[in-house]
file data24.cif (mmCIF, C-alpha atoms)
data_query
#
loop_
_atom_site.label_atom_id
_atom_site.label_comp_id
_atom_site.auth_asym_id
_atom_site.auth_seq_id
_atom_site.Cartn_x
_atom_site.Cartn_y
_atom_site.Cartn_z
CA MET I 21 -54.73 13.58 -18.92
CA GLN I 22 -52.68 12.41 -21.90
CA PRO I 23 -51.10 8.95 -21.62
CA LEU I 24 -47.37 8.77 -21.12
CA ARG I 25 -45.64 7.94 -24.41
CA THR I 26 -43.85 4.59 -24.55
CA LEU I 27 -40.89 3.16 -26.38
CA GLY I 28 -40.63 -0.59 -26.83
CA GLY I 29 -43.10 -1.17 -24.03
CA PHE I 30 -41.31 1.10 -21.55
CA SER I 31 -42.22 4.65 -20.69
CA ILE I 32 -39.85 7.33 -21.86
CA ARG I 33 -39.76 8.69 -18.33
CA ALA I 34 -38.90 5.31 -16.83
CA ALA I 35 -36.26 4.60 -19.45
CA ALA I 36 -34.68 8.01 -18.98
CA GLY I 37 -34.59 7.48 -15.22
CA ALA I 38 -33.00 4.06 -15.59
CA CYS I 39 -30.44 5.45 -18.01
CA ALA I 40 -29.48 8.29 -15.66
CA ALA I 41 -29.17 5.89 -12.73
CA ALA I 42 -26.99 3.52 -14.70
CA LEU I 43 -24.69 6.12 -16.17
CA GLY I 44 -24.22 8.38 -13.14
CA VAL I 45 -24.88 12.01 -12.41
CA ALA I 46 -22.59 13.33 -15.13
CA MET I 47 -24.78 11.81 -17.85
CA PHE I 48 -28.38 12.27 -18.88
CA CYS I 49 -30.58 10.89 -21.64
CA THR I 50 -32.66 13.01 -23.97
CA GLY I 51 -34.94 12.58 -26.97
CA PRO I 52 -36.91 9.65 -28.26
CA ALA I 53 -33.76 7.69 -29.10
CA LEU I 54 -32.37 8.28 -25.57
CA ALA I 55 -29.22 9.88 -26.98
CA GLN I 56 -26.67 10.21 -24.21
CA THR I 57 -25.08 13.53 -23.39
CA VAL I 58 -22.20 13.55 -20.94
CA ASN I 59 -21.53 16.72 -18.99
CA LEU I 60 -18.05 17.13 -17.51
CA ARG I 61 -16.52 19.89 -15.40
CA MET I 62 -12.93 20.92 -16.10
CA HIS I 63 -10.99 23.07 -13.64
CA THR I 64 -7.71 24.96 -13.90
CA PHE I 65 -5.74 27.75 -12.29
CA VAL I 66 -4.94 29.97 -15.30
CA PRO I 67 -7.20 32.94 -16.10
CA PRO I 68 -9.40 33.01 -19.21
CA VAL I 69 -7.25 35.79 -20.70
CA SER I 70 -4.17 33.56 -20.86
CA GLY I 71 -2.94 31.81 -23.98
CA SER I 72 -2.90 28.49 -22.17
CA PHE I 73 -6.59 28.85 -21.25
CA LYS I 74 -7.36 29.52 -24.91
CA SER I 75 -5.48 26.34 -25.85
CA LEU I 76 -7.60 24.42 -23.33
CA THR I 77 -10.71 25.98 -24.87
CA TRP I 78 -9.55 24.76 -28.29
CA TRP I 79 -9.16 21.24 -26.87
CA VAL I 80 -12.60 21.33 -25.27
CA GLU I 81 -14.23 22.47 -28.50
CA LYS I 82 -12.40 19.79 -30.50
CA VAL I 83 -13.49 17.03 -28.12
CA GLU I 84 -17.09 18.23 -28.19
CA LYS I 85 -17.08 18.36 -32.00
CA ASP I 86 -15.41 14.95 -32.35
CA SER I 87 -18.04 13.48 -30.03
CA GLY I 88 -20.86 14.70 -32.26
CA GLY I 89 -22.20 16.76 -29.39
CA LYS I 90 -22.39 13.82 -27.00
CA LEU I 91 -19.73 15.33 -24.74
CA LYS I 92 -20.19 18.70 -23.10
CA ILE I 93 -17.23 20.07 -21.13
CA THR I 94 -17.55 23.23 -19.05
CA LEU I 95 -14.16 24.83 -18.47
CA TYR I 96 -13.58 26.88 -15.31
CA GLY I 97 -10.45 29.05 -14.99
CA SER I 98 -8.82 31.01 -12.18
CA MET I 99 -9.84 28.34 -9.61
CA GLN I 100 -13.50 29.35 -10.00
CA LEU I 101 -14.68 26.12 -8.37
CA GLY I 102 -12.69 26.84 -5.23
CA GLY I 103 -9.43 25.79 -3.65
CA LYS I 104 -5.83 26.67 -4.41
CA PRO I 105 -3.86 25.65 -7.53
CA GLY I 106 -2.13 22.95 -5.47
CA ASP I 107 -5.54 21.36 -4.81
CA LEU I 108 -6.27 20.56 -8.45
CA TYR I 109 -4.74 17.10 -8.42
CA ASP I 110 -6.80 16.05 -5.40
CA GLN I 111 -9.91 17.60 -6.92
CA VAL I 112 -9.66 15.42 -10.01
CA ARG I 113 -8.46 12.36 -8.09
CA THR I 114 -11.44 12.44 -5.73
CA GLY I 115 -13.99 13.34 -8.40
CA ALA I 116 -14.75 16.86 -7.20
CA VAL I 117 -14.11 17.72 -10.86
CA ASP I 118 -13.97 15.46 -13.90
CA ILE I 119 -10.90 16.95 -15.59
CA ALA I 120 -8.11 19.20 -14.34
CA TRP I 121 -5.21 20.94 -16.02
CA THR I 122 -2.56 21.53 -13.41
CA LEU I 123 1.06 22.24 -12.62
CA PRO I 124 2.41 19.16 -10.79
CA GLY I 125 5.17 21.30 -9.30
CA TYR I 126 2.56 22.84 -7.00
CA THR I 127 2.46 19.55 -5.07
CA ALA I 128 6.12 19.12 -4.19
CA GLY I 129 7.32 15.55 -3.82
CA LEU I 130 4.15 13.89 -5.08
CA PHE I 131 5.45 13.21 -8.61
CA PRO I 132 9.18 12.55 -8.24
CA VAL I 133 9.78 10.85 -11.59
CA MET I 134 8.13 13.62 -13.59
CA SER I 135 10.21 16.20 -11.74
CA ALA I 136 13.25 15.13 -13.79
CA PHE I 137 12.06 17.61 -16.42
CA GLU I 138 12.11 20.43 -13.87
CA LEU I 139 15.82 20.04 -13.25
CA PRO I 140 17.82 23.11 -14.30
CA PHE I 141 18.81 23.33 -17.98
CA ILE I 142 17.25 20.00 -18.95
CA GLY I 143 14.50 21.49 -21.10
CA ASP I 144 14.23 22.92 -24.59
CA THR I 145 11.56 24.63 -26.66
CA ALA I 146 7.98 23.87 -25.62
CA PRO I 147 7.21 21.54 -28.59
CA VAL I 148 10.40 19.50 -28.05
CA ALA I 149 10.16 19.30 -24.27
CA SER I 150 6.43 18.48 -24.41
CA ALA I 151 6.83 15.46 -26.68
CA ALA I 152 9.79 14.23 -24.62
CA LEU I 153 7.92 14.68 -21.34
CA ASP I 154 4.79 12.81 -22.44
CA GLU I 155 6.81 9.80 -23.61
CA PHE I 156 8.99 9.89 -20.50
CA VAL I 157 6.14 10.00 -17.98
CA ARG I 158 4.09 7.29 -19.69
CA LYS I 159 7.09 4.95 -19.57
CA TRP I 160 8.68 5.78 -16.22
CA GLY I 161 6.00 7.54 -14.19
CA LYS I 162 2.97 5.27 -14.51
CA ALA I 163 2.85 4.42 -10.81
CA GLU I 164 2.71 8.02 -9.62
CA TRP I 165 -0.25 8.77 -11.91
CA SER I 166 -2.15 5.53 -11.28
CA GLU I 167 -4.98 7.18 -9.31
CA VAL I 168 -6.11 9.29 -12.26
CA HIS I 169 -6.55 8.86 -16.01
CA PRO I 170 -3.82 10.90 -17.74
CA ILE I 171 -4.82 12.73 -20.92
CA VAL I 172 -1.57 14.51 -21.69
CA PHE I 173 1.67 15.66 -20.13
CA HIS I 174 3.42 18.63 -21.68
CA SER I 175 5.87 21.40 -20.99
CA ALA I 176 5.46 25.13 -20.74
CA GLY I 177 7.90 27.42 -22.43
CA PRO I 178 11.22 28.00 -20.66
CA GLY I 179 10.89 29.94 -17.42
CA VAL I 180 12.21 33.38 -18.25
CA ILE I 181 13.60 35.37 -15.31
CA HIS I 182 11.72 38.69 -15.32
CA MET I 183 13.59 41.31 -13.28
CA LYS I 184 12.04 44.58 -12.16
CA GLU I 185 15.17 46.74 -11.86
CA HIS I 186 18.23 44.50 -11.64
CA MET I 187 19.94 43.09 -14.73
CA LEU I 188 21.09 39.45 -14.61
CA GLN I 189 23.98 38.77 -16.94
CA SER I 190 26.44 36.79 -14.85
CA LEU I 191 26.42 34.34 -11.99
CA ALA I 192 27.51 37.07 -9.58
CA ASP I 193 24.38 39.11 -10.40
CA PHE I 194 22.14 36.62 -8.55
CA LYS I 195 23.58 37.50 -5.15
CA GLY I 196 21.08 39.25 -2.90
CA GLN I 197 18.21 39.05 -5.41
CA LYS I 198 14.81 37.83 -4.21
CA ILE I 199 13.30 35.86 -7.07
CA ARG I 200 9.89 34.21 -7.22
CA THR I 201 10.17 30.46 -7.60
CA PRO I 202 7.46 28.18 -9.06
CA SER I 203 8.62 24.80 -7.75
CA ARG I 204 10.84 22.94 -5.30
CA LEU I 205 13.58 22.25 -7.86
CA SER I 206 13.47 25.83 -9.09
CA THR I 207 13.92 26.89 -5.47
CA LEU I 208 17.01 24.70 -5.13
CA ALA I 209 18.43 25.94 -8.43
CA LEU I 210 17.99 29.61 -7.55
CA SER I 211 19.61 29.01 -4.16
CA ALA I 212 22.54 27.28 -5.84
CA LEU I 213 23.00 30.30 -8.10
CA GLY I 214 23.09 32.66 -5.11
CA ALA I 215 19.58 34.15 -5.19
CA THR I 216 16.96 34.10 -2.45
CA PRO I 217 13.98 32.11 -3.78
CA VAL I 218 10.48 33.19 -2.73
CA PRO I 219 7.53 30.85 -3.46
CA ILE I 220 4.53 32.84 -4.73
CA PRO I 221 1.47 31.61 -6.70
CA SER I 222 1.58 32.81 -10.30
CA LEU I 223 -1.56 34.92 -9.96
CA LYS I 224 0.10 37.02 -7.22
CA VAL I 225 3.48 37.50 -8.87
CA THR I 226 2.85 40.90 -10.48
CA GLU I 227 1.55 42.39 -7.23
CA ALA I 228 4.62 41.04 -5.41
CA LEU I 229 6.90 42.72 -7.95
CA MET I 230 5.02 46.01 -7.76
CA HIS I 231 5.36 46.09 -3.96
CA ASN I 232 9.00 44.97 -4.01
CA VAL I 233 8.27 41.73 -2.21
CA VAL I 234 10.52 40.19 -4.86
CA ASP I 235 13.04 41.61 -7.32
CA GLY I 236 12.23 39.17 -10.09
CA ALA I 237 10.14 36.16 -11.03
CA VAL I 238 10.54 32.95 -13.00
CA LEU I 239 7.64 32.64 -15.45
CA PRO I 240 7.17 31.56 -19.08
CA TRP I 241 6.63 34.46 -21.47
CA SER I 242 2.97 33.63 -22.10
CA ILE I 243 1.99 33.55 -18.43
CA ALA I 244 3.97 36.72 -17.73
CA LEU I 245 2.04 38.37 -20.56
CA ALA I 246 -1.35 37.23 -19.27
CA ILE I 247 -0.81 38.43 -15.70
CA ARG I 248 1.06 41.62 -16.77
CA THR I 249 4.37 40.68 -15.17
CA ILE I 250 6.07 41.88 -18.35
CA ASP I 251 4.66 45.37 -17.79
CA VAL I 252 6.44 45.79 -14.44
CA SER I 253 9.77 44.20 -15.41
CA LYS I 254 12.53 46.00 -17.29
CA TYR I 255 14.79 43.01 -17.92
CA HIS I 256 13.95 39.53 -19.17
CA VAL I 257 16.55 36.78 -19.01
CA GLU I 258 15.93 33.90 -21.43
CA THR I 259 17.20 30.62 -20.00
CA THR I 260 16.18 27.01 -19.46
CA LEU I 261 16.98 27.27 -15.76
CA HIS I 262 13.45 26.02 -15.13
CA GLU I 263 10.75 24.71 -17.47
CA PRO I 264 7.39 23.99 -15.83
CA THR I 265 5.68 20.67 -16.46
CA LEU I 266 1.92 20.46 -16.93
CA ALA I 267 -0.67 17.70 -16.87
CA MET I 268 -4.25 17.29 -18.04
CA LEU I 269 -5.89 14.58 -15.97
CA MET I 270 -9.29 12.92 -15.82
CA ASN I 271 -10.98 11.30 -12.87
CA LYS I 272 -10.76 7.52 -13.27
CA GLN I 273 -14.46 6.94 -12.59
CA SER I 274 -15.51 9.74 -14.91
CA TYR I 275 -13.52 8.06 -17.67
CA ALA I 276 -14.71 4.55 -16.78
CA LYS I 277 -18.38 5.62 -16.99
CA LEU I 278 -18.01 6.82 -20.56
CA PRO I 279 -19.54 4.63 -23.25
CA PRO I 280 -16.95 3.07 -25.62
CA ASP I 281 -17.44 5.62 -28.42
CA LEU I 282 -16.78 8.55 -26.07
CA LYS I 283 -13.76 6.85 -24.53
CA LYS I 284 -12.37 6.67 -28.08
CA VAL I 285 -12.91 10.41 -28.47
CA ILE I 286 -10.97 11.16 -25.28
CA ASP I 287 -8.24 8.68 -26.26
CA ALA I 288 -7.92 10.20 -29.73
CA ASN I 289 -7.44 13.62 -28.15
CA SER I 290 -4.70 12.49 -25.76
CA GLY I 291 -1.03 11.59 -25.79
CA GLU I 292 1.97 12.51 -27.93
CA TRP I 293 0.27 14.43 -30.74
CA LEU I 294 -1.59 16.56 -28.21
CA ALA I 295 1.62 17.19 -26.25
CA LYS I 296 3.25 18.46 -29.46
CA GLU I 297 0.24 20.61 -30.32
CA PHE I 298 0.07 22.16 -26.86
CA GLY I 299 3.82 22.78 -27.08
CA ARG I 300 3.45 24.44 -30.48
CA ARG I 301 0.63 26.65 -29.23
CA TRP I 302 2.59 27.55 -26.11
CA ALA I 303 5.62 28.58 -28.19
CA ALA I 304 3.39 30.83 -30.31
CA ASP I 305 1.95 32.43 -27.17
CA ASP I 306 5.46 32.98 -25.83
CA LEU I 307 6.32 34.99 -28.93
CA ARG I 308 3.48 37.36 -28.10
CA GLY I 309 5.13 37.95 -24.72
CA VAL I 310 8.46 38.65 -26.39
CA ASP I 311 6.79 41.14 -28.72
CA LYS I 312 5.17 42.93 -25.76
CA ALA I 313 8.53 43.32 -24.00
CA LYS I 314 10.10 44.71 -27.18
CA LYS I 315 7.28 47.20 -27.68
CA LEU I 316 7.81 48.45 -24.13
CA GLY I 317 11.49 48.97 -24.87
CA HIS I 318 12.64 46.38 -22.36
CA GLN I 319 15.93 44.53 -22.57
CA ILE I 320 15.85 40.83 -23.42
CA ILE I 321 19.01 39.12 -22.22
CA VAL I 322 20.31 35.91 -23.74
CA ILE I 323 23.04 34.38 -21.60
CA SER I 324 26.24 33.58 -23.45
CA PRO I 325 27.23 29.89 -23.82
CA GLU I 326 30.26 30.47 -21.60
CA GLU I 327 28.15 32.02 -18.85
CA GLU I 328 25.57 29.25 -19.09
CA VAL I 329 28.34 26.73 -18.47
CA ARG I 330 29.07 28.53 -15.19
CA TRP I 331 25.38 28.47 -14.26
CA ARG I 332 25.16 24.76 -15.04
CA LYS I 333 28.24 24.04 -12.94
CA ALA I 334 26.82 26.02 -10.01
CA SER I 335 23.55 24.08 -10.20
CA GLN I 336 25.19 20.64 -10.29
CA PRO I 337 24.44 20.06 -6.57
CA VAL I 338 20.73 20.17 -7.47
CA TYR I 339 21.27 17.23 -9.83
CA ASP I 340 23.37 15.34 -7.30
CA ALA I 341 20.73 15.74 -4.58
CA TRP I 342 17.90 14.75 -6.94
CA ILE I 343 19.73 11.62 -8.11
CA LYS I 344 20.44 10.62 -4.52
CA GLU I 345 16.80 11.20 -3.57
CA MET I 346 15.52 9.12 -6.49
CA ASP I 347 17.96 6.31 -5.68
CA ALA I 348 16.54 6.24 -2.16
CA LYS I 349 13.04 5.84 -3.62
CA GLY I 350 14.12 2.76 -5.55
CA PHE I 351 14.77 4.40 -8.93
CA SER I 352 18.02 4.92 -10.77
CA GLY I 353 18.21 8.69 -10.64
CA ARG I 354 21.09 8.88 -13.09
CA GLN I 355 19.25 6.65 -15.57
CA LEU I 356 16.20 8.91 -15.41
CA VAL I 357 18.31 12.00 -16.10
CA GLU I 358 20.01 10.27 -19.02
CA GLU I 359 16.64 9.16 -20.40
CA ALA I 360 15.24 12.68 -20.15
CA ASP I 361 18.29 14.03 -21.98
CA ARG I 362 17.99 11.30 -24.64
CA LEU I 363 14.35 12.13 -25.34
CA ILE I 364 15.11 15.85 -25.62
CA VAL I 365 17.78 15.04 -28.21
CA LYS I 366 15.38 12.69 -30.03
CA TYR I 367 12.56 15.20 -30.39
CA LYS I 368 14.92 18.10 -31.07
CA ALA I 369 16.26 16.18 -34.07
CA GLU I 370 12.73 15.31 -35.16
CA ASN I 371 11.70 18.95 -34.89
CA LYS I 372 14.65 20.11 -36.99
CA ALA I 373 13.88 17.50 -39.66
CA LYS I 374 10.44 18.99 -40.33
#
call {"tool": "encode", "arguments": {"input": "data24.cif", "output": "C-alpha cells"}}
result
Amino acid sequence: MQPLRTLGGFSIRAAAGACAAALGVAMFCTGPALAQTVNLRMHTFVPPVSGSFKSLTWWVEKVEKDSGGKLKITLYGSMQLGGKPGDLYDQVRTGAVDIAWTLPGYTAGLFPVMSAFELPFIGDTAPVASAALDEFVRKWGKAEWSEVHPIVFHSAGPGVIHMKEHMLQSLADFKGQKIRTPSRLSTLALSALGATPVPIPSLKVTEALMHNVVDGAVLPWSIALAIRTIDVSKYHVETTLHEPTLAMLMNKQSYAKLPPDLKKVIDANSGEWLAKEFGRRWAADDLRGVDKAKKLGHQIIVISPEEEVRWRKASQPVYDAWIKEMDAKGFSGRQLVEEADRLIVKYKAENKAK
C-alpha cells in the first residue's frame, strides 16, 4: 500500500478534511495547493428562455471569470429547486439557496420602503429606474433587507398592459376589464382606474388569457415575449402605471464564509453599476418584445399626455393611502415619494447627458 502523500507534515486528506470543515459545505479544497472552490446555488422564477435569465447567466459567468474559477455558481430557473416565486426571499434568507433573484412584490407588505418604486407612474426607462432604485433602497431601505446580503436592486421595464381583445385608450376603457396584476400596489392602481385586478403568477398569465380568465395582463415587454403573452394579445398599452422592482440577494452566512478575495469579487459585481447594466440589458430585451408585436401586426398604444394626466389623477388615492401607511410605520411617506421622484430626475438627466 502506497503511503499517503503529505504537505508540510500533514496529510493531504487530513488537510482537505479540515479545510472543508472550516469553510462549510459550500466549499471544498482540491489540488496540492489546497485551492478553494466555492459552489453556490442560485434560484429564480424566470424561465431559461427569458432575456432576464440570460442576463443572470451573464452575471454568473462574469463572477466566475473574475474569481479565476474559484467561484462556481449553478443557476436554476423556473423554480426548479421547488416552491413558489413568493418563497424565494425566504429560501435565500434561511440558506436553502445561496443566491436568489426575485420580485419583492410577490411578498406583499414585507418591503414597504422599496414599494415606493411600484407606485403608479413613478418609474421611467429600465436603466434610469434601476439606478434610482438601487441608490434609494441602500439609503432608505437598509432595515428591511438586513437579514440578507443585497447584491443589487433594479427595475424591470415598464409594465405594459397587454389586452387580448379590448383596446385601452381612455380612462373609461378600464371599466369591466379583468386585468392580471403583479403586485399589491398594481392591484390598487388598477382598481382606482376602474378595472378588476386579478393576481396571477407570471408563468400562468398566457394560459389565463387564452381561457379568458382575464382580458389583459400587466407585464414588461421582455417577460411577455418569453412566456408568449404577446402572441395572444392584440393590443399593447405602453405606460408606467406599474414598474416591477427586482432584487438579487445572497444568504448572509454564504457571503460571510467567503474568503476575502471572493468577497471582493461579489462586491465588485454589485451595486449601482450592475443596476444600470441590468437596466440597459432589460431595455434591449424589451425592444425585442416590441418588434415581435409589430411583426404580428398588433397595435401598440401610447397614451396621450392629456389622458395620462387623467390616469394619474384617478390613481392619486393609491399615493394617499401609501403615504398614510408609511407614516403609520414611522416613515415620512411623502418624503420617500419625493426622494424617489428626485432620484428618477437625477438619473434621467445623467442618462441624457451620455
call {"tool": "resolve_selection", "arguments": {"input": "data24.cif", "expression": "the PyMOL selection byres ((chain I and resi 370) around 12)", "output": "PDB file with C-alpha atoms, in the frame of the given file"}}
result
ATOM      1  CA  PRO I 147       7.210  21.540 -28.590  1.00  0.00           C
ATOM      2  CA  VAL I 148      10.400  19.500 -28.050  1.00  0.00           C
ATOM      3  CA  ALA I 149      10.160  19.300 -24.270  1.00  0.00           C
ATOM      4  CA  ALA I 151       6.830  15.460 -26.680  1.00  0.00           C
ATOM      5  CA  ALA I 152       9.790  14.230 -24.620  1.00  0.00           C
ATOM      6  CA  LYS I 296       3.250  18.460 -29.460  1.00  0.00           C
ATOM      7  CA  LEU I 363      14.350  12.130 -25.340  1.00  0.00           C
ATOM      8  CA  ILE I 364      15.110  15.850 -25.620  1.00  0.00           C
ATOM      9  CA  VAL I 365      17.780  15.040 -28.210  1.00  0.00           C
ATOM     10  CA  LYS I 366      15.380  12.690 -30.030  1.00  0.00           C
ATOM     11  CA  TYR I 367      12.560  15.200 -30.390  1.00  0.00           C
ATOM     12  CA  LYS I 368      14.920  18.100 -31.070  1.00  0.00           C
ATOM     13  CA  ALA I 369      16.260  16.180 -34.070  1.00  0.00           C
ATOM     14  CA  ASN I 371      11.700  18.950 -34.890  1.00  0.00           C
ATOM     15  CA  LYS I 372      14.650  20.110 -36.990  1.00  0.00           C
ATOM     16  CA  ALA I 373      13.880  17.500 -39.660  1.00  0.00           C
ATOM     17  CA  LYS I 374      10.440  18.990 -40.330  1.00  0.00           C
TER      18      LYS I 374
END
call {"tool": "residues_near_point", "arguments": {"input": "data24.cif", "point": "(9.0, 38.9, -14.1)", "cutoff": "8 Å", "atoms": "only C-alpha atoms", "output": "ChimeraX atom specification"}}
result
/I:180-184,225-226,229,236-239,244,249-250,252-253,256
call {"tool": "resolve_selection", "arguments": {"input": "data24.cif", "expression": "the PyMOL selection byres ((chain I and resi 353-355) around 12)", "output": "ChimeraX atom specification"}}
result
/I:132-136,139,156,160,339-352,356-362
call {"tool": "residues_around", "arguments": {"input": "data24.cif", "residues": "Leu95 of chain I", "least_positions_apart": "5", "cutoff": "10 Å", "atoms": "only C-alpha atoms", "output": "ChimeraX atom specification"}}
result
/I:60-64,68,73,76-77,80,100,119-120
call {"tool": "residues_near_point", "arguments": {"input": "data24.cif", "point": "(4.2, 36.2, -26.5)", "cutoff": "9 Å", "atoms": "only C-alpha atoms", "output": "ChimeraX atom specification"}}
result
/I:71,241-245,302-313
call {"tool": "residues_around", "arguments": {"input": "data24.cif", "residues": "Trp78 of chain I", "least_positions_apart": "5", "cutoff": "12 Å", "atoms": "all atoms listed in the file", "output": "list of chain:residue names"}}
result
I:Gly71, I:Ser72, I:Phe73, I:Val83, I:Glu84, I:Lys85, I:Ile93, I:Leu95, I:Asn289, I:Leu294, I:Glu297, I:Phe298, I:Arg301
call {"tool": "write_last_selection", "arguments": {"input": "data24.cif", "atoms": "C-alpha atoms", "output": "tab-separated table (two decimals), keeping the file's coordinate frame"}}
result
chain	number	residue	atom	x	y	z
I	71	GLY	CA	-2.94	31.81	-23.98
I	72	SER	CA	-2.90	28.49	-22.17
I	73	PHE	CA	-6.59	28.85	-21.25
I	83	VAL	CA	-13.49	17.03	-28.12
I	84	GLU	CA	-17.09	18.23	-28.19
I	85	LYS	CA	-17.08	18.36	-32.00
I	93	ILE	CA	-17.23	20.07	-21.13
I	95	LEU	CA	-14.16	24.83	-18.47
I	289	ASN	CA	-7.44	13.62	-28.15
I	294	LEU	CA	-1.59	16.56	-28.21
I	297	GLU	CA	0.24	20.61	-30.32
I	298	PHE	CA	0.07	22.16	-26.86
I	301	ARG	CA	0.63	26.65	-29.23
call {"tool": "closest_residue", "arguments": {"input": "data24.cif", "among": "I:Leu205, I:Val58, I:Ile286, I:Leu266", "to": "Leu108 of chain I", "atoms": "all atoms listed in the file"}}
result
I:Leu266
call {"tool": "resolve_selection", "arguments": {"input": "data24.cif", "expression": "the PyMOL selection byres ((chain I and resi 215) around 10)", "output": "list in words"}}
result
Leu191, Ala192, Asp193, Phe194, Lys195, Gly196, Gln197, Lys198, Ile199, Arg200, Thr207, Leu208, Ala209, Leu210, Ser211, Ala212, Leu213, Gly214, Thr216, Pro217 and Val218 of chain I
call {"tool": "closest_residue", "arguments": {"input": "data24.cif", "among": "I:Thr201, I:Thr94, I:Thr122, I:Ser206", "to": "Phe65 of chain I", "atoms": "only C-alpha atoms"}}
result
I:Thr122
call {"tool": "axis_aligned_box", "arguments": {"input": "data24.cif", "around": "segment 130-146 of chain I", "padding_each_side": "5 Å", "output": "lines of an AutoDock Vina configuration file"}}
result
center_x = 11.5
center_y = 17.7
center_z = -15.9
size_x = 24.7
size_y = 23.8
size_z = 31.6
call {"tool": "atom_distance", "arguments": {"input": "data24.cif", "atom1": "atom CA of Ala267 of chain I", "atom2": "atom CA of Asp144 of chain I"}}
result
17.6 Å
call {"tool": "build_atoms", "arguments": {"input": "data24.cif", "residues": "segment 262-277 of chain I", "atoms": "N, CA and C atoms", "output": "PDB file, keeping the file's coordinate frame"}}
result
ATOM      1  N   HIS I 262      14.623  26.764 -15.604  1.00  0.00           N
ATOM      2  CA  HIS I 262      13.450  26.020 -15.130  1.00  0.00           C
ATOM      3  C   HIS I 262      12.397  26.000 -16.225  1.00  0.00           C
ATOM      4  N   GLU I 263      11.825  24.824 -16.478  1.00  0.00           N
ATOM      5  CA  GLU I 263      10.750  24.710 -17.470  1.00  0.00           C
ATOM      6  C   GLU I 263       9.600  23.953 -16.820  1.00  0.00           C
ATOM      7  N   PRO I 264       8.498  24.632 -16.540  1.00  0.00           N
ATOM      8  CA  PRO I 264       7.390  23.990 -15.830  1.00  0.00           C
ATOM      9  C   PRO I 264       6.793  22.820 -16.595  1.00  0.00           C
ATOM     10  N   THR I 265       6.380  21.797 -15.871  1.00  0.00           N
ATOM     11  CA  THR I 265       5.680  20.670 -16.460  1.00  0.00           C
ATOM     12  C   THR I 265       4.189  20.781 -16.141  1.00  0.00           C
ATOM     13  N   LEU I 266       3.365  20.329 -17.062  1.00  0.00           N
ATOM     14  CA  LEU I 266       1.920  20.460 -16.930  1.00  0.00           C
ATOM     15  C   LEU I 266       1.236  19.135 -17.229  1.00  0.00           C
ATOM     16  N   ALA I 267       0.051  18.956 -16.671  1.00  0.00           N
ATOM     17  CA  ALA I 267      -0.670  17.700 -16.870  1.00  0.00           C
ATOM     18  C   ALA I 267      -2.161  17.955 -16.976  1.00  0.00           C
ATOM     19  N   MET I 268      -2.795  17.309 -17.964  1.00  0.00           N
ATOM     20  CA  MET I 268      -4.250  17.290 -18.040  1.00  0.00           C
ATOM     21  C   MET I 268      -4.689  15.890 -17.627  1.00  0.00           C
ATOM     22  N   LEU I 269      -5.527  15.839 -16.604  1.00  0.00           N
ATOM     23  CA  LEU I 269      -5.890  14.580 -15.970  1.00  0.00           C
ATOM     24  C   LEU I 269      -7.402  14.431 -15.895  1.00  0.00           C
ATOM     25  N   MET I 270      -7.860  13.189 -15.936  1.00  0.00           N
ATOM     26  CA  MET I 270      -9.290  12.920 -15.820  1.00  0.00           C
ATOM     27  C   MET I 270      -9.532  11.980 -14.652  1.00  0.00           C
ATOM     28  N   ASN I 271     -10.623  12.199 -13.954  1.00  0.00           N
ATOM     29  CA  ASN I 271     -10.980  11.300 -12.870  1.00  0.00           C
ATOM     30  C   ASN I 271     -11.210   9.894 -13.427  1.00  0.00           C
ATOM     31  N   LYS I 272     -10.689   8.892 -12.746  1.00  0.00           N
ATOM     32  CA  LYS I 272     -10.760   7.520 -13.270  1.00  0.00           C
ATOM     33  C   LYS I 272     -12.202   7.047 -13.445  1.00  0.00           C
ATOM     34  N   GLN I 273     -13.068   7.368 -12.490  1.00  0.00           N
ATOM     35  CA  GLN I 273     -14.460   6.940 -12.590  1.00  0.00           C
ATOM     36  C   GLN I 273     -15.203   7.688 -13.687  1.00  0.00           C
ATOM     37  N   SER I 274     -14.877   8.967 -13.845  1.00  0.00           N
ATOM     38  CA  SER I 274     -15.510   9.740 -14.910  1.00  0.00           C
ATOM     39  C   SER I 274     -15.172   9.146 -16.271  1.00  0.00           C
ATOM     40  N   TYR I 275     -13.928   8.694 -16.415  1.00  0.00           N
ATOM     41  CA  TYR I 275     -13.520   8.060 -17.670  1.00  0.00           C
ATOM     42  C   TYR I 275     -14.168   6.689 -17.810  1.00  0.00           C
ATOM     43  N   ALA I 276     -14.171   5.913 -16.729  1.00  0.00           N
ATOM     44  CA  ALA I 276     -14.710   4.550 -16.780  1.00  0.00           C
ATOM     45  C   ALA I 276     -16.196   4.536 -17.124  1.00  0.00           C
ATOM     46  N   LYS I 277     -16.939   5.565 -16.734  1.00  0.00           N
ATOM     47  CA  LYS I 277     -18.380   5.620 -16.990  1.00  0.00           C
ATOM     48  C   LYS I 277     -18.713   5.942 -18.448  1.00  0.00           C
TER      49      LYS I 277
END
